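Peer 1: Here's a structure for you.
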Amino acid sequence: MHVLASLLAGLVFGLGLIVSGMANPAKVLGFLDLAGAWDPSLALVMGGAIAVGAVAFFVARKRVVSLLGSPMRLPTSRDIDRRLVGGSLLFGIGWGIAGFCPGPGLVALGMGEMKALVFVAAMLAGMGIWELFEARAKASK
Amino acid sequence: MAIAWDMFTPWSALAGGALIGIAAGMFVLLNGRIAGISGIIGGLLKPARGDVAWRMAFIGGLIVAPLVYALMAVLPSPQIDAGYGTLMAAGLLVGIGTRYGSGCTSGHGVCGLSRLSPRSLVATAAFMAAGFVTVFAIRHLLNV
């Protein structure tokens with residue numbers, strides 16, 4: 001059941017990315033280009049998602065197990081540190097140069113876009129590089 | 001700042017955003033997890049036991065979404081102006097950055113802000129600011 005719920009959540013998420021325009025890098029860059037002809041649409045995507053999500057997370061916070069009976073695994077870390085900010089800055093630069101973040105990259109891959117395949121492959125390589133750094137950092141401790 | 005009213009699509013943005021919120025909401029309520037896409041993908045690189053199927057299913061759902069959409073309406077084709085070299089650099093930065101910063105637009109931006117996480121607010125402010133500055137630098141300083 002959990003796997004089915006995952007599939008459905010991924011599917012609805014992907015449909016949302018397509019409907020909203022987030023799966024189109026040109027539209028994303030139009031939002032990030034404050035000094036150009038600015039397209040504010042993506043602010044409404046975030047707003048719409050958060051308005052609905054906030055209700056679900058308000059309910060989720062009070063639960064000990066999920067509706068399917070698994071433990072709730074909500075993040076517990078509260079550290080605002082160099083990793084959080086530095087990593088997010090790097091991500092933002094990558095997002096700004098091509099207009100792709102992880103979800104839209106996968107959706108565009110499903111559209112059969114060769115360029116999305118290159119982006120996703122490079123993203124996986126980047127995540128692999130991070131794993132190597134982490135393993136090395138742990139080994140030297 | 002000049003708003004491009006001809007590009008502005010408020011209703012589809014809100015509707016698509018609501019779908020994203022429904023997906024994140026059903027995922028946390030049913031599976032008890034954060035729908036953070038970079039984390040879901042990243043967790044596959046060093047998989048724990050019993051931790052692979054649901055991740056693959058979520059990713060599969062994202063990838064088949066265009067096919068399902070095409071059954072109902074005409075699928076819009078994305079406009080990807082970046083060249084292959086740029087896409088490689090972008091992918092590497094997104095991969096390293098999202099893992100180092102523990103999240104992306106979905107985990108921090110949608111789920112984190114929905115649950116009022118101060119950590120996610122800082123992360124979202126950081127990647128949005130970096131995105132704005134990067135596009136400004138590329139389009140208006142380098143004139144690419």
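Chain lettering (A, B, ...) mirrors the order of the structure tokens, residue numbering begins at 1 for each chain separately, and ligand numbering begins at 1 in order of display.
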Near Thr124 in chain B, within 10 Å and counting only C-alpha atoms, which residues show up once chain neighbours fewer than 4 positions away are dropped, as a ChimeraX atom specification?
Peer 2: /A:84-85,88-89,92 /B:103-110,112-113,118-120,128-130
Peer 1: Could you save those same residues with N, CA and C atoms as a compact mmCIF listing (two decimals), in the first residue's frame?
Peer 2:
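Contents of result_27.txt, as written:
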```txt
# COMPACT_ATOMS: atom_id res chain seq x y z
N LEU A 84 23.32 23.92 5.52
CA LEU A 84 21.97 24.25 5.02
C LEU A 84 22.03 25.43 4.05
N VAL A 85 22.71 26.49 4.48
CA VAL A 85 22.74 27.71 3.67
C VAL A 85 23.64 27.55 2.45
N SER A 88 22.04 25.19 -0.07
CA SER A 88 20.89 25.82 -0.73
C SER A 88 21.34 26.88 -1.74
N LEU A 89 22.42 27.61 -1.40
CA LEU A 89 22.95 28.60 -2.35
C LEU A 89 23.45 27.91 -3.62
N GLY A 92 20.54 26.88 -5.64
CA GLY A 92 19.90 28.03 -6.29
C GLY A 92 20.66 28.48 -7.53
N GLY B 103 17.63 19.45 0.91
CA GLY B 103 16.31 19.63 0.30
C GLY B 103 16.30 20.58 -0.87
N CYS B 104 15.18 20.56 -1.58
CA CYS B 104 15.05 21.42 -2.76
C CYS B 104 13.74 22.19 -2.68
N THR B 105 13.22 22.53 -3.85
CA THR B 105 11.98 23.31 -3.93
C THR B 105 10.79 22.56 -3.30
N SER B 106 10.81 21.23 -3.39
CA SER B 106 9.68 20.46 -2.83
C SER B 106 9.83 20.25 -1.33
N GLY B 107 10.97 19.72 -0.89
CA GLY B 107 11.15 19.41 0.53
C GLY B 107 11.17 20.64 1.41
N HIS B 108 12.00 21.63 1.03
CA HIS B 108 12.06 22.88 1.81
C HIS B 108 10.95 23.85 1.39
N GLY B 109 10.84 24.06 0.08
CA GLY B 109 9.93 25.10 -0.42
C GLY B 109 8.47 24.80 -0.14
N VAL B 110 8.01 23.59 -0.50
CA VAL B 110 6.60 23.26 -0.33
C VAL B 110 6.33 22.66 1.06
N GLY B 112 8.41 22.13 3.76
CA GLY B 112 9.00 22.84 4.89
C GLY B 112 8.21 24.09 5.25
N LEU B 113 7.87 24.88 4.22
CA LEU B 113 7.11 26.11 4.51
C LEU B 113 5.70 25.77 4.97
N PRO B 118 11.48 26.77 10.44
CA PRO B 118 12.42 27.89 10.27
C PRO B 118 13.61 27.51 9.40
N ARG B 119 14.06 26.26 9.53
CA ARG B 119 15.17 25.75 8.74
C ARG B 119 14.84 25.82 7.24
N SER B 120 13.65 25.39 6.90
CA SER B 120 13.24 25.41 5.49
C SER B 120 13.04 26.83 4.97
N MET B 128 16.23 30.73 -3.37
CA MET B 128 15.52 31.71 -4.20
C MET B 128 16.45 32.89 -4.49
N ALA B 129 17.12 33.39 -3.46
CA ALA B 129 18.03 34.53 -3.65
C ALA B 129 19.12 34.17 -4.64
N ALA B 130 19.69 32.97 -4.49
CA ALA B 130 20.76 32.54 -5.40
C ALA B 130 20.21 32.43 -6.83
```
Peer 1: Using the chain letters and numbers from this document, which residues of range 34-123 of chain B does DSSP assign to alpha helix (DSSP H), as number ranges by chain?
Peer 2: B: 37-42, 53-72, 84-100, 113-114, 118-123
Peer 1: Quick check, in Å to one decimal: how far apart do CA of Ile34 in chain B and CA of Gly17 in chain B lie?
Peer 2: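 Between CA of Ile34 in chain B and CA of Gly17 in chain B the gap works out to 16.5 Å.
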Peer 1: Have a look at CA of Tyr100 in chain B and CA of Ala139 in chain A and let me know their distance in Å, one decimal.
Peer 2: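 CA of Ala139 in chain A lies 17.4 Å from CA of Tyr100 in chain B.
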Peer 1: Name the closest residue to Trp130 in chain A among the candidates B:Ala73, B:Leu92, B:Ala13, B:Ile3; distances are taken between atoms, counting only C-alpha atoms.
Peer 2: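 For Trp130 in chain A, the nearest of the candidates is B:Leu92.
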Peer 1: For a quick check of understanding, using only C-alpha atoms, which of B:Val74, B:Ala82, B:Leu116, B:Val122 has the smallest distance to Phe57 in chain A?
Peer 2: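 Nearest candidate to Phe57 in chain A out of B:Val74, B:Ala82, B:Leu116, B:Val122: B:Leu116.
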Peer 1: Name all residues at most 8 Å from Leu42 in chain A (count only C-alpha atoms; drop same-chain ones fewer than 5 positions away) and give them as an mmCIF file with N, CA and C atoms, in the first residue's frame.
Peer 2:
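Output below, filename out.cif:
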```cif
data_model
loop_
_atom_site.group_PDB
_atom_site.id
_atom_site.type_symbol
_atom_site.label_atom_id
_atom_site.label_comp_id
_atom_site.auth_asym_id
_atom_site.auth_seq_id
_atom_site.Cartn_x
_atom_site.Cartn_y
_atom_site.Cartn_z
ATOM 1 N N SER A 20 1.067 23.635 -13.571
ATOM 2 C CA SER A 20 1.504 24.929 -13.049
ATOM 3 C C SER A 20 2.512 25.639 -13.953
ATOM 4 N N GLY A 21 3.161 24.902 -14.841
ATOM 5 C CA GLY A 21 4.197 25.509 -15.675
ATOM 6 C C GLY A 21 5.601 25.322 -15.129
ATOM 7 N N MET A 22 5.713 24.728 -13.921
ATOM 8 C CA MET A 22 7.031 24.499 -13.309
ATOM 9 C C MET A 22 7.903 23.540 -14.122
ATOM 10 N N VAL A 28 10.163 28.981 -15.530
ATOM 11 C CA VAL A 28 10.858 29.123 -14.251
ATOM 12 C C VAL A 28 11.839 30.294 -14.315
ATOM 13 N N PHE A 31 10.319 33.612 -14.041
ATOM 14 C CA PHE A 31 10.021 33.983 -12.663
ATOM 15 C C PHE A 31 11.283 34.471 -11.939
ATOM 16 N N ALA B 13 -1.391 28.353 -12.455
ATOM 17 C CA ALA B 13 -0.370 28.312 -11.401
ATOM 18 C C ALA B 13 -0.989 27.879 -10.074
#
```
Peer 1: Select, from A:Lys115, A:Lys141, A:Lys62, A:Arg136, the residue with the minimum atom-to-atom distance to chain B, counting only C-alpha atoms.
Peer 2: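 Of all the options, A:Lys115 lies closest to chain B.
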Peer 1: Just to confirm, what's the straight-line distance from CA of Tyr69 in chain B to CA of Gly95 in chain B in Å (one decimal)?
Peer 2: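 CA of Tyr69 in chain B sits 27.1 Å away from CA of Gly95 in chain B.
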Peer 1: Report as JSON, numbers by chain all protein, DNA and RNA residues lying within 9 Å of Ala116 in chain A, evaluated on only C-alpha atoms, omitting residues in the same chain fewer than 3 positions from it.
Peer 2: {"A": [100, 104, 105, 106, 107, 108, 109, 110, 111, 112, 113, 119, 120, 121], "B": [80, 87]}
Peer 1: Considering only C-alpha atoms, state which residue in the set A:Val65, A:Ala9, A:Ile50, A:Ala26 is at the smallest distance from Gly61 in chain B.
Peer 2: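 Looking only at the distances to Gly61 in chain B, the closest residue turns out to be A:Ala9.
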Peer 1: Using only C-alpha atoms, determine which residues lie at most 9 Å from Ile59 in chain B, disregarding the query and same-chain residues fewer than 2 positions distant; provide the list as a list of chain:residue names.
Peer 2: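 Listed by chain and then number, they are A:Ser6, A:Leu7, A:Gly10, A:Leu11, A:Gly103, A:Leu106, B:Ile37, B:Ile40, B:Ile41, B:Trp54, B:Arg55, B:Met56, B:Ala57, B:Gly61, B:Leu62, B:Ile63, B:Val64.
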Peer 1: If you keep N, CA and C atoms, can you produce a file of those selected residues as a PDB file, in the first residue's frame?
Peer 2:
```pdb
ATOM      1  N   SER A   6       2.873   5.989  -2.781  1.00  0.00           N
ATOM      2  CA  SER A   6       4.028   6.735  -3.307  1.00  0.00           C
ATOM      3  C   SER A   6       3.860   7.026  -4.788  1.00  0.00           C
ATOM      4  N   LEU A   7       3.444   5.998  -5.507  1.00  0.00           N
ATOM      5  CA  LEU A   7       3.249   6.145  -6.955  1.00  0.00           C
ATOM      6  C   LEU A   7       2.200   7.216  -7.245  1.00  0.00           C
ATOM      7  N   GLY A  10       3.526  10.694  -6.371  1.00  0.00           N
ATOM      8  CA  GLY A  10       4.464  11.140  -7.404  1.00  0.00           C
ATOM      9  C   GLY A  10       3.730  11.577  -8.659  1.00  0.00           C
ATOM     10  N   LEU A  11       2.706  10.813  -9.002  1.00  0.00           N
ATOM     11  CA  LEU A  11       1.924  11.124 -10.202  1.00  0.00           C
ATOM     12  C   LEU A  11       1.195  12.466 -10.059  1.00  0.00           C
ATOM     13  N   GLY A 103      12.375  17.831  -9.341  1.00  0.00           N
ATOM     14  CA  GLY A 103      11.079  17.304  -9.795  1.00  0.00           C
ATOM     15  C   GLY A 103      10.810  17.578 -11.265  1.00  0.00           C
ATOM     16  N   LEU A 106      12.752  15.426 -13.658  1.00  0.00           N
ATOM     17  CA  LEU A 106      12.209  14.073 -13.874  1.00  0.00           C
ATOM     18  C   LEU A 106      10.965  14.110 -14.763  1.00  0.00           C
TER      19      LEU A 106
ATOM     20  N   ILE B  37      11.790  15.776  -3.187  1.00  0.00           N
ATOM     21  CA  ILE B  37      12.206  14.964  -4.328  1.00  0.00           C
ATOM     22  C   ILE B  37      13.708  14.689  -4.333  1.00  0.00           C
ATOM     23  N   ILE B  40      14.309  11.965  -1.899  1.00  0.00           N
ATOM     24  CA  ILE B  40      13.783  10.669  -2.355  1.00  0.00           C
ATOM     25  C   ILE B  40      14.745  10.043  -3.375  1.00  0.00           C
ATOM     26  N   ILE B  41      15.270  10.878  -4.277  1.00  0.00           N
ATOM     27  CA  ILE B  41      16.235  10.367  -5.266  1.00  0.00           C
ATOM     28  C   ILE B  41      17.551  10.013  -4.576  1.00  0.00           C
ATOM     29  N   TRP B  54       9.352   2.220  -2.481  1.00  0.00           N
ATOM     30  CA  TRP B  54       8.526   3.427  -2.419  1.00  0.00           C
ATOM     31  C   TRP B  54       9.223   4.605  -3.092  1.00  0.00           C
ATOM     32  N   ARG B  55      10.565   4.650  -2.993  1.00  0.00           N
ATOM     33  CA  ARG B  55      11.287   5.744  -3.672  1.00  0.00           C
ATOM     34  C   ARG B  55      11.144   5.625  -5.188  1.00  0.00           C
ATOM     35  N   MET B  56      11.343   4.394  -5.693  1.00  0.00           N
ATOM     36  CA  MET B  56      11.215   4.165  -7.133  1.00  0.00           C
ATOM     37  C   MET B  56       9.786   4.478  -7.592  1.00  0.00           C
ATOM     38  N   ALA B  57       8.804   4.122  -6.754  1.00  0.00           N
ATOM     39  CA  ALA B  57       7.404   4.355  -7.120  1.00  0.00           C
ATOM     40  C   ALA B  57       7.125   5.853  -7.250  1.00  0.00           C
ATOM     41  N   GLY B  61       6.118   7.746 -10.622  1.00  0.00           N
ATOM     42  CA  GLY B  61       4.919   8.571 -10.739  1.00  0.00           C
ATOM     43  C   GLY B  61       5.224   9.900 -11.415  1.00  0.00           C
ATOM     44  N   LEU B  62       6.343  10.519 -11.031  1.00  0.00           N
ATOM     45  CA  LEU B  62       6.740  11.791 -11.652  1.00  0.00           C
ATOM     46  C   LEU B  62       7.015  11.608 -13.143  1.00  0.00           C
ATOM     47  N   ILE B  63       7.695  10.508 -13.474  1.00  0.00           N
ATOM     48  CA  ILE B  63       8.096  10.304 -14.873  1.00  0.00           C
ATOM     49  C   ILE B  63       6.903   9.952 -15.762  1.00  0.00           C
ATOM     50  N   VAL B  64       5.911   9.214 -15.212  1.00  0.00           N
ATOM     51  CA  VAL B  64       4.755   8.873 -16.063  1.00  0.00           C
ATOM     52  C   VAL B  64       3.708   9.984 -16.089  1.00  0.00           C
TER      53      VAL B  64
END
```
Peer 1: Which residue out of B:Leu44, B:Phe127, B:Leu142, B:Met72 has the minimum interatomic distance to chain A when only C-alpha atoms are used?
Peer 2: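 Among B:Leu44, B:Phe127, B:Leu142, B:Met72, it is B:Phe127 that comes nearest to chain A.
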Peer 1: Residues near Ala23 in chain B, anyone? I mean within 7 Å using only C-alpha atoms, not counting same-chain ones fewer than 3 positions away, as a PyMOL selection string.
Peer 2: (chain A and resi 9+12-13) or (chain B and resi 19-20+26-27)
Peer 1: Using the selection just defined, write its residues with C-alpha atoms as a PDB file, in the first residue's frame.
Peer 2:
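What follows is the written file selection.pdb:
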```pdb
ATOM      1  CA  ALA A   9       1.678  10.986  -4.807  1.00  0.00           C
ATOM      2  CA  VAL A  12      -0.226  13.909  -8.714  1.00  0.00           C
ATOM      3  CA  PHE A  13       2.928  15.887  -7.917  1.00  0.00           C
TER       4      PHE A  13
ATOM      5  CA  LEU B  19      -2.200  19.627  -6.973  1.00  0.00           C
ATOM      6  CA  ILE B  20       1.366  19.771  -5.658  1.00  0.00           C
ATOM      7  CA  MET B  26      -1.446  12.796   0.894  1.00  0.00           C
ATOM      8  CA  PHE B  27       2.146  11.589   1.044  1.00  0.00           C
TER       9      PHE B  27
END
```
